[in-house]
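Undergrad: Next up, query_39.csv (CSV, N, CA and C atoms and all ligand atoms).
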chain,number,residue,atom,x,y,z
A,1,MET,N,-105.6,81.7,-57.3
A,1,MET,CA,-105.1,81.1,-58.6
A,1,MET,C,-106.3,80.6,-59.4
A,2,LEU,N,-106.4,81.1,-60.6
A,2,LEU,CA,-107.5,80.6,-61.5
A,2,LEU,C,-107.1,79.3,-62.1
A,3,GLN,N,-108.1,78.5,-62.4
A,3,GLN,CA,-107.7,77.2,-62.9
A,3,GLN,C,-108.6,76.8,-64.1
A,4,PHE,N,-108.0,76.1,-65.0
A,4,PHE,CA,-108.7,75.5,-66.1
A,4,PHE,C,-109.5,74.3,-65.5
A,5,GLU,N,-110.8,74.3,-65.7
A,5,GLU,CA,-111.5,73.2,-65.2
A,5,GLU,C,-111.9,72.2,-66.3
A,6,PRO,N,-111.9,70.9,-66.0
A,6,PRO,CA,-112.1,69.9,-67.0
A,6,PRO,C,-113.4,70.1,-67.9
A,7,ASN,N,-114.4,70.7,-67.3
A,7,ASN,CA,-115.6,70.9,-68.1
A,7,ASN,C,-115.5,72.1,-69.1
A,8,MET,N,-114.3,72.8,-69.1
A,8,MET,CA,-114.0,73.8,-70.0
A,8,MET,C,-113.4,73.3,-71.3
A,9,ARG,N,-113.1,72.0,-71.4
A,9,ARG,CA,-112.5,71.5,-72.6
A,9,ARG,C,-113.4,71.6,-73.8
A,10,VAL,N,-112.9,72.1,-74.9
A,10,VAL,CA,-113.7,72.1,-76.1
A,10,VAL,C,-113.4,70.9,-77.0
A,11,GLY,N,-112.3,70.2,-76.7
A,11,GLY,CA,-112.0,68.9,-77.4
A,11,GLY,C,-111.0,69.0,-78.5
A,12,ILE,N,-110.5,70.3,-78.7
A,12,ILE,CA,-109.5,70.5,-79.7
A,12,ILE,C,-108.2,70.9,-79.0
A,13,ASP,N,-107.2,70.0,-79.0
A,13,ASP,CA,-106.1,70.2,-78.0
A,13,ASP,C,-105.4,71.5,-78.1
A,14,VAL,N,-105.2,72.0,-79.4
A,14,VAL,CA,-104.4,73.2,-79.5
A,14,VAL,C,-105.2,74.4,-78.9
A,15,LEU,N,-106.5,74.4,-79.0
A,15,LEU,CA,-107.3,75.5,-78.5
A,15,LEU,C,-107.5,75.3,-77.0
A,16,ASP,N,-107.6,74.1,-76.5
A,16,ASP,CA,-107.7,73.9,-75.0
A,16,ASP,C,-106.4,74.3,-74.4
A,17,ASN,N,-105.3,74.1,-75.1
A,17,ASN,CA,-104.0,74.5,-74.5
A,17,ASN,C,-103.9,76.1,-74.5
A,18,GLN,N,-104.4,76.7,-75.6
A,18,GLN,CA,-104.4,78.1,-75.6
A,18,GLN,C,-105.3,78.7,-74.5
A,19,HIS,N,-106.4,78.0,-74.2
A,19,HIS,CA,-107.3,78.5,-73.1
A,19,HIS,C,-106.5,78.4,-71.8
A,20,LYS,N,-105.7,77.3,-71.6
A,20,LYS,CA,-104.9,77.2,-70.4
A,20,LYS,C,-103.9,78.4,-70.3
A,21,SER,N,-103.3,78.7,-71.5
A,21,SER,CA,-102.3,79.8,-71.4
A,21,SER,C,-103.0,81.1,-71.2
A,22,LEU,N,-104.2,81.3,-71.7
A,22,LEU,CA,-104.9,82.5,-71.4
A,22,LEU,C,-105.2,82.7,-69.9
A,23,ILE,N,-105.5,81.6,-69.3
A,23,ILE,CA,-105.8,81.6,-67.8
A,23,ILE,C,-104.4,81.9,-67.1
A,24,GLY,N,-103.3,81.3,-67.7
A,24,GLY,CA,-102.0,81.6,-67.2
A,24,GLY,C,-101.7,83.1,-67.3
A,25,ALA,N,-102.1,83.7,-68.4
A,25,ALA,CA,-101.9,85.2,-68.5
A,25,ALA,C,-102.7,86.0,-67.5
A,26,LEU,N,-103.9,85.5,-67.2
A,26,LEU,CA,-104.7,86.2,-66.2
A,26,LEU,C,-104.0,86.0,-64.8
A,27,ASN,N,-103.5,84.8,-64.6
A,27,ASN,CA,-102.8,84.6,-63.3
A,27,ASN,C,-101.6,85.5,-63.1
A,28,ARG,N,-100.9,85.7,-64.2
A,28,ARG,CA,-99.7,86.5,-64.2
A,28,ARG,C,-100.2,88.0,-63.8
A,29,LEU,N,-101.3,88.4,-64.4
A,29,LEU,CA,-101.8,89.7,-64.1
A,29,LEU,C,-102.2,89.8,-62.6
A,30,MET,N,-102.9,88.7,-62.2
A,30,MET,CA,-103.3,88.7,-60.8
A,30,MET,C,-102.1,88.8,-59.8
A,31,ASP,N,-101.1,88.1,-60.1
A,31,ASP,CA,-99.8,88.1,-59.3
A,31,ASP,C,-99.3,89.5,-59.3
A,32,ALA,N,-99.2,90.1,-60.5
A,32,ALA,CA,-98.7,91.5,-60.5
A,32,ALA,C,-99.5,92.5,-59.7
A,33,LEU,N,-100.8,92.3,-59.7
A,33,LEU,CA,-101.7,93.2,-58.9
A,33,LEU,C,-101.6,92.9,-57.4
A,34,TRP,N,-101.7,91.6,-57.1
A,34,TRP,CA,-101.8,91.3,-55.6
A,34,TRP,C,-100.4,91.4,-54.9
A,35,ASP,N,-99.3,91.1,-55.7
A,35,ASP,CA,-98.0,91.2,-55.1
A,35,ASP,C,-97.5,92.6,-55.1
A,36,GLY,N,-98.3,93.6,-55.6
A,36,GLY,CA,-97.8,94.9,-55.6
A,36,GLY,C,-96.5,95.1,-56.4
A,37,LYS,N,-96.5,94.4,-57.6
A,37,LYS,CA,-95.3,94.5,-58.4
A,37,LYS,C,-95.1,95.8,-59.2
A,38,GLY,N,-96.1,96.6,-59.1
A,38,GLY,CA,-95.9,97.9,-59.7
A,38,GLY,C,-96.5,98.0,-61.1
A,39,ARG,N,-96.7,99.3,-61.5
A,39,ARG,CA,-97.3,99.5,-62.8
A,39,ARG,C,-96.7,98.9,-64.0
A,40,GLU,N,-95.4,98.8,-64.0
A,40,GLU,CA,-94.7,98.3,-65.2
A,40,GLU,C,-95.1,96.8,-65.4
A,41,GLU,N,-95.0,96.0,-64.3
A,41,GLU,CA,-95.3,94.6,-64.5
A,41,GLU,C,-96.8,94.4,-64.7
A,42,VAL,N,-97.7,95.2,-64.1
A,42,VAL,CA,-99.1,95.1,-64.4
A,42,VAL,C,-99.4,95.4,-65.9
A,43,CYS,N,-98.7,96.4,-66.4
A,43,CYS,CA,-98.9,96.8,-67.8
A,43,CYS,C,-98.3,95.8,-68.7
A,44,ASN,N,-97.2,95.2,-68.4
A,44,ASN,CA,-96.6,94.2,-69.2
A,44,ASN,C,-97.6,93.0,-69.3
A,45,SER,N,-98.2,92.6,-68.1
A,45,SER,CA,-99.1,91.5,-68.1
A,45,SER,C,-100.3,91.8,-68.9
A,46,ILE,N,-100.8,93.0,-68.9
A,46,ILE,CA,-101.9,93.4,-69.7
A,46,ILE,C,-101.6,93.3,-71.2
A,47,LYS,N,-100.4,93.8,-71.5
A,47,LYS,CA,-100.0,93.8,-72.9
A,47,LYS,C,-99.9,92.3,-73.4
A,48,PHE,N,-99.3,91.5,-72.6
A,48,PHE,CA,-99.2,90.0,-72.9
A,48,PHE,C,-100.6,89.4,-73.1
A,49,LEU,N,-101.5,89.8,-72.2
A,49,LEU,CA,-102.9,89.2,-72.2
A,49,LEU,C,-103.6,89.7,-73.5
A,50,LEU,N,-103.4,90.9,-73.9
A,50,LEU,CA,-104.0,91.5,-75.1
A,50,LEU,C,-103.4,90.7,-76.3
A,51,ASP,N,-102.1,90.6,-76.4
A,51,ASP,CA,-101.5,90.0,-77.6
A,51,ASP,C,-101.9,88.5,-77.7
A,52,TYR,N,-101.9,87.9,-76.6
A,52,TYR,CA,-102.3,86.5,-76.6
A,52,TYR,C,-103.8,86.3,-77.0
A,53,THR,N,-104.6,87.1,-76.4
A,53,THR,CA,-106.0,87.1,-76.8
A,53,THR,C,-106.3,87.2,-78.3
A,54,VAL,N,-105.6,88.2,-78.8
A,54,VAL,CA,-105.8,88.5,-80.3
A,54,VAL,C,-105.4,87.2,-81.1
A,55,THR,N,-104.2,86.7,-80.8
A,55,THR,CA,-103.7,85.5,-81.5
A,55,THR,C,-104.7,84.3,-81.3
A,56,HIS,N,-105.1,84.1,-80.1
A,56,HIS,CA,-106.0,83.0,-79.8
A,56,HIS,C,-107.4,83.1,-80.5
A,57,PHE,N,-108.0,84.3,-80.4
A,57,PHE,CA,-109.2,84.5,-81.1
A,57,PHE,C,-109.1,84.2,-82.6
A,58,SER,N,-108.0,84.7,-83.2
A,58,SER,CA,-107.9,84.5,-84.6
A,58,SER,C,-107.7,83.0,-85.0
A,59,ASP,N,-107.0,82.3,-84.1
A,59,ASP,CA,-106.9,80.9,-84.3
A,59,ASP,C,-108.2,80.2,-84.2
A,60,GLU,N,-109.0,80.6,-83.2
A,60,GLU,CA,-110.3,80.0,-83.0
A,60,GLU,C,-111.2,80.3,-84.2
A,61,GLU,N,-111.1,81.5,-84.7
A,61,GLU,CA,-112.0,81.9,-85.9
A,61,GLU,C,-111.5,81.1,-87.1
A,62,GLU,N,-110.2,80.8,-87.2
A,62,GLU,CA,-109.8,80.0,-88.4
A,62,GLU,C,-110.3,78.6,-88.3
A,63,TRP,N,-110.4,78.0,-87.1
A,63,TRP,CA,-111.0,76.7,-87.0
A,63,TRP,C,-112.4,76.7,-87.3
A,64,MET,N,-113.1,77.7,-86.9
A,64,MET,CA,-114.6,77.8,-87.1
A,64,MET,C,-114.8,78.0,-88.6
A,65,GLU,N,-113.9,78.8,-89.3
A,65,GLU,CA,-114.1,79.0,-90.7
A,65,GLU,C,-113.8,77.7,-91.5
A,66,ARG,N,-112.7,77.1,-91.1
A,66,ARG,CA,-112.3,75.9,-91.8
A,66,ARG,C,-113.5,74.8,-91.8
A,67,TYR,N,-114.2,74.7,-90.7
A,67,TYR,CA,-115.2,73.7,-90.5
A,67,TYR,C,-116.6,74.3,-90.8
A,68,ARG,N,-116.6,75.6,-91.3
A,68,ARG,CA,-117.9,76.2,-91.7
A,68,ARG,C,-118.9,76.2,-90.5
A,69,PHE,N,-118.4,76.6,-89.4
A,69,PHE,CA,-119.3,76.7,-88.2
A,69,PHE,C,-120.3,77.8,-88.4
A,70,PRO,N,-121.6,77.5,-88.4
A,70,PRO,CA,-122.6,78.5,-88.8
A,70,PRO,C,-122.7,79.7,-87.9
A,71,GLU,N,-122.2,79.6,-86.7
A,71,GLU,CA,-122.4,80.8,-85.8
A,71,GLU,C,-121.1,81.6,-85.7
A,72,LEU,N,-120.3,81.5,-86.7
A,72,LEU,CA,-119.0,82.2,-86.7
A,72,LEU,C,-119.2,83.7,-86.6
A,73,GLU,N,-120.0,84.3,-87.4
A,73,GLU,CA,-120.1,85.8,-87.4
A,73,GLU,C,-120.5,86.4,-86.0
A,74,GLY,N,-121.4,85.8,-85.4
A,74,GLY,CA,-121.8,86.3,-84.0
A,74,GLY,C,-120.7,86.1,-83.0
A,75,HIS,N,-120.0,85.0,-83.2
A,75,HIS,CA,-118.9,84.7,-82.3
A,75,HIS,C,-117.7,85.7,-82.5
A,76,ARG,N,-117.5,86.0,-83.7
A,76,ARG,CA,-116.4,86.9,-84.1
A,76,ARG,C,-116.7,88.3,-83.4
A,77,LEU,N,-118.0,88.7,-83.5
A,77,LEU,CA,-118.4,90.0,-83.0
A,77,LEU,C,-118.1,90.1,-81.4
A,78,ILE,N,-118.4,89.0,-80.8
A,78,ILE,CA,-118.2,88.9,-79.3
A,78,ILE,C,-116.7,89.0,-79.0
A,79,HIS,N,-115.9,88.3,-79.8
A,79,HIS,CA,-114.5,88.4,-79.6
A,79,HIS,C,-114.0,89.8,-79.8
A,80,ARG,N,-114.5,90.5,-80.8
A,80,ARG,CA,-114.1,91.9,-81.0
A,80,ARG,C,-114.4,92.8,-79.8
A,81,GLN,N,-115.6,92.6,-79.3
A,81,GLN,CA,-116.0,93.4,-78.1
A,81,GLN,C,-115.1,93.2,-77.0
A,82,PHE,N,-114.7,91.9,-76.8
A,82,PHE,CA,-113.8,91.6,-75.7
A,82,PHE,C,-112.4,92.2,-75.9
A,83,VAL,N,-111.9,92.1,-77.1
A,83,VAL,CA,-110.6,92.7,-77.4
A,83,VAL,C,-110.6,94.2,-77.1
A,84,GLU,N,-111.7,94.8,-77.5
A,84,GLU,CA,-111.8,96.3,-77.3
A,84,GLU,C,-111.7,96.6,-75.8
A,85,ARG,N,-112.3,95.8,-75.0
A,85,ARG,CA,-112.2,96.0,-73.5
A,85,ARG,C,-110.8,95.9,-73.0
A,86,VAL,N,-110.0,94.9,-73.4
A,86,VAL,CA,-108.6,94.7,-73.0
A,86,VAL,C,-107.8,95.8,-73.6
A,87,GLN,N,-108.1,96.2,-74.8
A,87,GLN,CA,-107.4,97.3,-75.4
A,87,GLN,C,-107.6,98.6,-74.6
A,88,GLY,N,-108.8,98.8,-74.1
A,88,GLY,CA,-109.1,100.0,-73.2
A,88,GLY,C,-108.1,100.0,-72.1
A,89,LEU,N,-107.9,98.9,-71.5
A,89,LEU,CA,-107.0,98.8,-70.3
A,89,LEU,C,-105.5,99.0,-70.8
A,90,ALA,N,-105.1,98.5,-71.9
A,90,ALA,CA,-103.8,98.7,-72.5
A,90,ALA,C,-103.6,100.1,-72.8
A,91,LYS,N,-104.6,100.8,-73.2
A,91,LYS,CA,-104.5,102.2,-73.6
A,91,LYS,C,-104.3,103.0,-72.3
A,92,ALA,N,-105.1,102.6,-71.2
A,92,ALA,CA,-104.9,103.3,-69.9
A,92,ALA,C,-103.4,103.2,-69.5
A,93,CYS,N,-102.8,102.0,-69.8
A,93,CYS,CA,-101.4,101.8,-69.4
A,93,CYS,C,-100.5,102.8,-70.2
A,94,SER,N,-100.8,102.8,-71.5
A,94,SER,CA,-99.8,103.7,-72.3
A,94,SER,C,-100.0,105.1,-72.0
A,95,GLU,N,-101.3,105.5,-71.6
A,95,GLU,CA,-101.5,106.9,-71.3
A,95,GLU,C,-101.2,107.3,-69.8
A,96,GLY,N,-100.8,106.2,-69.0
A,96,GLY,CA,-100.5,106.5,-67.6
A,96,GLY,C,-101.7,106.7,-66.7
A,97,THR,N,-102.9,106.4,-67.2
A,97,THR,CA,-104.1,106.6,-66.4
A,97,THR,C,-104.6,105.3,-65.7
A,98,ILE,N,-103.8,104.3,-65.8
A,98,ILE,CA,-104.2,103.0,-65.2
A,98,ILE,C,-104.2,103.2,-63.6
A,99,THR,N,-105.3,102.6,-63.0
A,99,THR,CA,-105.3,102.6,-61.6
A,99,THR,C,-105.5,101.1,-61.1
A,100,SER,N,-105.2,100.8,-59.9
A,100,SER,CA,-105.3,99.4,-59.5
A,100,SER,C,-106.8,99.0,-59.4
A,101,ASP,N,-107.7,100.0,-59.1
A,101,ASP,CA,-109.1,99.7,-59.1
A,101,ASP,C,-109.6,99.2,-60.5
A,102,LEU,N,-109.1,100.0,-61.5
A,102,LEU,CA,-109.5,99.7,-62.9
A,102,LEU,C,-109.0,98.3,-63.3
A,103,ALA,N,-107.7,98.1,-63.0
A,103,ALA,CA,-107.1,96.8,-63.3
A,103,ALA,C,-107.7,95.6,-62.6
A,104,ILE,N,-108.0,95.8,-61.3
A,104,ILE,CA,-108.7,94.7,-60.6
A,104,ILE,C,-110.1,94.4,-61.1
A,105,SER,N,-110.8,95.5,-61.3
A,105,SER,CA,-112.2,95.2,-61.8
A,105,SER,C,-112.2,94.6,-63.1
A,106,THR,N,-111.3,95.0,-64.0
A,106,THR,CA,-111.2,94.4,-65.3
A,106,THR,C,-110.8,93.0,-65.2
A,107,PHE,N,-109.8,92.7,-64.3
A,107,PHE,CA,-109.4,91.4,-64.1
A,107,PHE,C,-110.5,90.4,-63.8
A,108,TYR,N,-111.4,90.8,-62.8
A,108,TYR,CA,-112.5,90.0,-62.4
A,108,TYR,C,-113.5,89.8,-63.6
A,109,ASP,N,-113.8,91.0,-64.2
A,109,ASP,CA,-114.7,90.9,-65.4
A,109,ASP,C,-114.2,89.9,-66.4
A,110,THR,N,-112.8,90.0,-66.7
A,110,THR,CA,-112.2,89.2,-67.7
A,110,THR,C,-112.3,87.7,-67.4
A,111,TRP,N,-112.1,87.4,-66.1
A,111,TRP,CA,-112.1,86.0,-65.7
A,111,TRP,C,-113.6,85.5,-65.9
A,112,ASP,N,-114.5,86.2,-65.4
A,112,ASP,CA,-115.9,85.8,-65.5
A,112,ASP,C,-116.3,85.7,-67.0
A,113,TRP,N,-115.9,86.7,-67.7
A,113,TRP,CA,-116.2,86.6,-69.2
A,113,TRP,C,-115.7,85.4,-69.8
A,114,LEU,N,-114.4,85.2,-69.6
A,114,LEU,CA,-113.7,84.1,-70.3
A,114,LEU,C,-114.3,82.7,-69.9
A,115,LYS,N,-114.6,82.5,-68.6
A,115,LYS,CA,-115.1,81.3,-68.2
A,115,LYS,C,-116.5,81.0,-68.9
A,116,ASP,N,-117.3,82.1,-68.8
A,116,ASP,CA,-118.6,82.0,-69.4
A,116,ASP,C,-118.6,81.8,-70.9
A,117,HIS,N,-117.7,82.5,-71.5
A,117,HIS,CA,-117.5,82.4,-73.0
A,117,HIS,C,-117.1,81.0,-73.4
A,118,ILE,N,-116.1,80.4,-72.7
A,118,ILE,CA,-115.7,79.1,-73.0
A,118,ILE,C,-116.8,78.1,-72.8
A,119,LEU,N,-117.5,78.2,-71.6
A,119,LEU,CA,-118.6,77.2,-71.3
A,119,LEU,C,-119.8,77.3,-72.3
A,120,LYS,N,-120.1,78.6,-72.6
A,120,LYS,CA,-121.4,78.8,-73.4
A,120,LYS,C,-121.1,78.9,-74.8
A,121,MET,N,-120.1,79.5,-75.3
A,121,MET,CA,-119.9,79.7,-76.7
A,121,MET,C,-118.8,78.8,-77.3
A,122,ASP,N,-117.6,78.7,-76.7
A,122,ASP,CA,-116.6,77.9,-77.3
A,122,ASP,C,-116.9,76.4,-77.4
A,123,LYS,N,-117.7,76.0,-76.4
A,123,LYS,CA,-118.0,74.6,-76.4
A,123,LYS,C,-119.0,74.2,-77.5
A,124,ARG,N,-119.7,75.3,-78.0
A,124,ARG,CA,-120.6,75.0,-79.2
A,124,ARG,C,-119.8,74.7,-80.4
A,125,TYR,N,-118.7,75.5,-80.7
A,125,TYR,CA,-118.0,75.2,-81.9
A,125,TYR,C,-117.2,73.9,-81.6
A,126,GLY,N,-116.8,73.7,-80.4
A,126,GLY,CA,-116.1,72.4,-80.0
A,126,GLY,C,-116.9,71.2,-80.4
A,127,LYS,N,-118.2,71.3,-80.0
A,127,LYS,CA,-119.1,70.1,-80.3
A,127,LYS,C,-119.2,70.0,-81.8
A,128,PHE,N,-119.5,71.1,-82.5
A,128,PHE,CA,-119.7,71.0,-83.9
A,128,PHE,C,-118.4,70.5,-84.6
A,129,ILE,N,-117.3,71.0,-84.3
A,129,ILE,CA,-116.0,70.6,-85.0
A,129,ILE,C,-115.6,69.2,-84.6
A,130,THR,N,-115.7,68.8,-83.3
A,130,THR,CA,-115.3,67.5,-83.0
A,130,THR,C,-116.2,66.4,-83.6
A,131,GLU,N,-117.5,66.8,-83.7
A,131,GLU,CA,-118.4,65.8,-84.4
A,131,GLU,C,-118.0,65.7,-85.8
A,132,ARG,N,-117.7,66.8,-86.5
A,132,ARG,CA,-117.2,66.7,-87.9
A,132,ARG,C,-116.0,65.9,-88.0
A,133,MET,N,-115.1,66.0,-87.0
A,133,MET,CA,-113.8,65.3,-87.1
A,133,MET,C,-114.0,63.8,-86.6
A,134,GLY,N,-115.2,63.5,-86.1
A,134,GLY,CA,-115.4,62.2,-85.5
A,134,GLY,C,-114.7,62.0,-84.2
A,135,LEU,N,-114.4,63.1,-83.5
A,135,LEU,CA,-113.8,63.0,-82.1
A,135,LEU,C,-114.9,63.2,-81.1
A,136,SER,N,-114.5,63.0,-79.8
A,136,SER,CA,-115.4,63.3,-78.8
A,136,SER,C,-114.9,64.5,-78.0
A,137,GLN,N,-115.7,65.2,-77.4
A,137,GLN,CA,-115.3,66.4,-76.6
A,137,GLN,C,-114.6,66.0,-75.3
A,138,LYS,N,-114.9,64.8,-74.9
A,138,LYS,CA,-114.3,64.3,-73.6
A,138,LYS,C,-112.8,64.1,-73.6
B,1,FE,FE,-114.3,82.2,-78.5
Would you put the structure from the file into structure tokens?
TA:
Amino acid sequence: MLQFEPNMRVGIDVLDNQHKSLIGALNRLMDALWDGKGREEVCNSIKFLLDYTVTHFSDEEEWMERYRFPELEGHRLIHRQFVERVQGLAKACSEGTITSDLAISTFYDTWDWLKDHILKMDKRYGKFITERMGLSQK
């Protein structure tokens, strides 16, 4: 079971909660894969992960825009590349070419990516925005 760790907090409640839900979406995919729930549930989980990711990234980008975070464009590009990767998996689902190896390796990549992205990139806008708001990241 993947977990949200306290050092992953960016300090903006709505976005921290979305990160928790994203981890929840990954756990749902992990359950579907490990419990052998079959292609339909695996693909439903992937679809949910994709939709949730798109919504979350657009919310994050709105926050960065609103506070004129200077690194927004680079951040946006990285979001887009990640969405394309999950889209690739969703496409494999709709075309019926999904395999458990593909889903499992994407699952691990996605978790590593997400954790690293939150710790290295999201925390940067978190620091910038919370400072502007006069809040602390803790
Ligand atoms: Fe991000």
Undergrad: With only N, CA and C atoms and all ligand atoms as the basis for distance, which of A:Ile118, A:Leu72, A:Leu29, A:Ile23 is at the shortest distance from ligand FE 1 (chain B)?
TA: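 Going through A:Ile118, A:Leu72, A:Leu29, A:Ile23 one by one, the smallest distance to ligand FE 1 (chain B) is for A:Ile118.
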Undergrad: Can you pull out every residue with an atom within 7 Å of ligand FE 1 (chain B)? Use only C-alpha atoms and all ligand atoms and format it as a PyMOL selection string.
TA: chain A and resi 57+60+75+79+117-118+121-122
Undergrad: Pick out the residues sitting within 12 Å of A:Lys115, and hand them over as an mmCIF file with N, CA and C atoms, in the frame of the given file; count only C-alpha atoms, and ignore anything fewer than 3 positions along from it in its own chain.
TA:
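Wrote part_33.cif, looks like this:
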data_model
loop_
_atom_site.group_PDB
_atom_site.id
_atom_site.type_symbol
_atom_site.label_atom_id
_atom_site.label_comp_id
_atom_site.auth_asym_id
_atom_site.auth_seq_id
_atom_site.Cartn_x
_atom_site.Cartn_y
_atom_site.Cartn_z
ATOM 1 N N LEU A 2 -106.400 81.100 -60.600
ATOM 2 C CA LEU A 2 -107.500 80.600 -61.500
ATOM 3 C C LEU A 2 -107.100 79.300 -62.100
ATOM 4 N N GLN A 3 -108.100 78.500 -62.400
ATOM 5 C CA GLN A 3 -107.700 77.200 -62.900
ATOM 6 C C GLN A 3 -108.600 76.800 -64.100
ATOM 7 N N PHE A 4 -108.000 76.100 -65.000
ATOM 8 C CA PHE A 4 -108.700 75.500 -66.100
ATOM 9 C C PHE A 4 -109.500 74.300 -65.500
ATOM 10 N N GLU A 5 -110.800 74.300 -65.700
ATOM 11 C CA GLU A 5 -111.500 73.200 -65.200
ATOM 12 C C GLU A 5 -111.900 72.200 -66.300
ATOM 13 N N PRO A 6 -111.900 70.900 -66.000
ATOM 14 C CA PRO A 6 -112.100 69.900 -67.000
ATOM 15 C C PRO A 6 -113.400 70.100 -67.900
ATOM 16 N N ASN A 7 -114.400 70.700 -67.300
ATOM 17 C CA ASN A 7 -115.600 70.900 -68.100
ATOM 18 C C ASN A 7 -115.500 72.100 -69.100
ATOM 19 N N MET A 8 -114.300 72.800 -69.100
ATOM 20 C CA MET A 8 -114.000 73.800 -70.000
ATOM 21 C C MET A 8 -113.400 73.300 -71.300
ATOM 22 N N ARG A 9 -113.100 72.000 -71.400
ATOM 23 C CA ARG A 9 -112.500 71.500 -72.600
ATOM 24 C C ARG A 9 -113.400 71.600 -73.800
ATOM 25 N N HIS A 19 -106.400 78.000 -74.200
ATOM 26 C CA HIS A 19 -107.300 78.500 -73.100
ATOM 27 C C HIS A 19 -106.500 78.400 -71.800
ATOM 28 N N LYS A 20 -105.700 77.300 -71.600
ATOM 29 C CA LYS A 20 -104.900 77.200 -70.400
ATOM 30 C C LYS A 20 -103.900 78.400 -70.300
ATOM 31 N N LEU A 22 -104.200 81.300 -71.700
ATOM 32 C CA LEU A 22 -104.900 82.500 -71.400
ATOM 33 C C LEU A 22 -105.200 82.700 -69.900
ATOM 34 N N ILE A 23 -105.500 81.600 -69.300
ATOM 35 C CA ILE A 23 -105.800 81.600 -67.800
ATOM 36 C C ILE A 23 -104.400 81.900 -67.100
ATOM 37 N N LEU A 26 -103.900 85.500 -67.200
ATOM 38 C CA LEU A 26 -104.700 86.200 -66.200
ATOM 39 C C LEU A 26 -104.000 86.000 -64.800
ATOM 40 N N TYR A 108 -111.400 90.800 -62.800
ATOM 41 C CA TYR A 108 -112.500 90.000 -62.400
ATOM 42 C C TYR A 108 -113.500 89.800 -63.600
ATOM 43 N N ASP A 109 -113.800 91.000 -64.200
ATOM 44 C CA ASP A 109 -114.700 90.900 -65.400
ATOM 45 C C ASP A 109 -114.200 89.900 -66.400
ATOM 46 N N THR A 110 -112.800 90.000 -66.700
ATOM 47 C CA THR A 110 -112.200 89.200 -67.700
ATOM 48 C C THR A 110 -112.300 87.700 -67.400
ATOM 49 N N TRP A 111 -112.100 87.400 -66.100
ATOM 50 C CA TRP A 111 -112.100 86.000 -65.700
ATOM 51 C C TRP A 111 -113.600 85.500 -65.900
ATOM 52 N N ASP A 112 -114.500 86.200 -65.400
ATOM 53 C CA ASP A 112 -115.900 85.800 -65.500
ATOM 54 C C ASP A 112 -116.300 85.700 -67.000
ATOM 55 N N ILE A 118 -116.100 80.400 -72.700
ATOM 56 C CA ILE A 118 -115.700 79.100 -73.000
ATOM 57 C C ILE A 118 -116.800 78.100 -72.800
ATOM 58 N N LEU A 119 -117.500 78.200 -71.600
ATOM 59 C CA LEU A 119 -118.600 77.200 -71.300
ATOM 60 C C LEU A 119 -119.800 77.300 -72.300
ATOM 61 N N LYS A 120 -120.100 78.600 -72.600
ATOM 62 C CA LYS A 120 -121.400 78.800 -73.400
ATOM 63 C C LYS A 120 -121.100 78.900 -74.800
ATOM 64 N N MET A 121 -120.100 79.500 -75.300
ATOM 65 C CA MET A 121 -119.900 79.700 -76.700
ATOM 66 C C MET A 121 -118.800 78.800 -77.300
ATOM 67 N N ASP A 122 -117.600 78.700 -76.700
ATOM 68 C CA ASP A 122 -116.600 77.900 -77.300
ATOM 69 C C ASP A 122 -116.900 76.400 -77.400
ATOM 70 N N LYS A 123 -117.700 76.000 -76.400
ATOM 71 C CA LYS A 123 -118.000 74.600 -76.400
ATOM 72 C C LYS A 123 -119.000 74.200 -77.500
#
Undergrad: To one decimal in Å, tell me the separation between atom C of A:Ser100 and atom C of A:Val42.
TA: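 Result for atom C of A:Ser100 versus atom C of A:Val42: 10.5 Å, one decimal.
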Undergrad: Nearest to A:Met30: which of A:Asp116, A:Leu77, A:Leu49, A:Ile98 is it, counting only C-alpha atoms?
TA: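 For A:Met30, the nearest of the given residues is A:Leu49.
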Undergrad: Fewer than 6 positions away in the same chain doesn't count, so skip those; otherwise give me all residues within 12 Å of A:Lys127, counting only C-alpha atoms, as a CSV table (one decimal) with N, CA and C atoms, in the frame of the given file.
TA:
chain,number,residue,atom,x,y,z
A,9,ARG,N,-113.1,72.0,-71.4
A,9,ARG,CA,-112.5,71.5,-72.6
A,9,ARG,C,-113.4,71.6,-73.8
A,10,VAL,N,-112.9,72.1,-74.9
A,10,VAL,CA,-113.7,72.1,-76.1
A,10,VAL,C,-113.4,70.9,-77.0
A,11,GLY,N,-112.3,70.2,-76.7
A,11,GLY,CA,-112.0,68.9,-77.4
A,11,GLY,C,-111.0,69.0,-78.5
A,12,ILE,N,-110.5,70.3,-78.7
A,12,ILE,CA,-109.5,70.5,-79.7
A,12,ILE,C,-108.2,70.9,-79.0
A,64,MET,N,-113.1,77.7,-86.9
A,64,MET,CA,-114.6,77.8,-87.1
A,64,MET,C,-114.8,78.0,-88.6
A,67,TYR,N,-114.2,74.7,-90.7
A,67,TYR,CA,-115.2,73.7,-90.5
A,67,TYR,C,-116.6,74.3,-90.8
A,69,PHE,N,-118.4,76.6,-89.4
A,69,PHE,CA,-119.3,76.7,-88.2
A,69,PHE,C,-120.3,77.8,-88.4
A,119,LEU,N,-117.5,78.2,-71.6
A,119,LEU,CA,-118.6,77.2,-71.3
A,119,LEU,C,-119.8,77.3,-72.3
A,120,LYS,N,-120.1,78.6,-72.6
A,120,LYS,CA,-121.4,78.8,-73.4
A,120,LYS,C,-121.1,78.9,-74.8
A,121,MET,N,-120.1,79.5,-75.3
A,121,MET,CA,-119.9,79.7,-76.7
A,121,MET,C,-118.8,78.8,-77.3
A,133,MET,N,-115.1,66.0,-87.0
A,133,MET,CA,-113.8,65.3,-87.1
A,133,MET,C,-114.0,63.8,-86.6
A,134,GLY,N,-115.2,63.5,-86.1
A,134,GLY,CA,-115.4,62.2,-85.5
A,134,GLY,C,-114.7,62.0,-84.2
A,135,LEU,N,-114.4,63.1,-83.5
A,135,LEU,CA,-113.8,63.0,-82.1
A,135,LEU,C,-114.9,63.2,-81.1
A,136,SER,N,-114.5,63.0,-79.8
A,136,SER,CA,-115.4,63.3,-78.8
A,136,SER,C,-114.9,64.5,-78.0
A,137,GLN,N,-115.7,65.2,-77.4
A,137,GLN,CA,-115.3,66.4,-76.6
A,137,GLN,C,-114.6,66.0,-75.3
A,138,LYS,N,-114.9,64.8,-74.9
A,138,LYS,CA,-114.3,64.3,-73.6
A,138,LYS,C,-112.8,64.1,-73.6
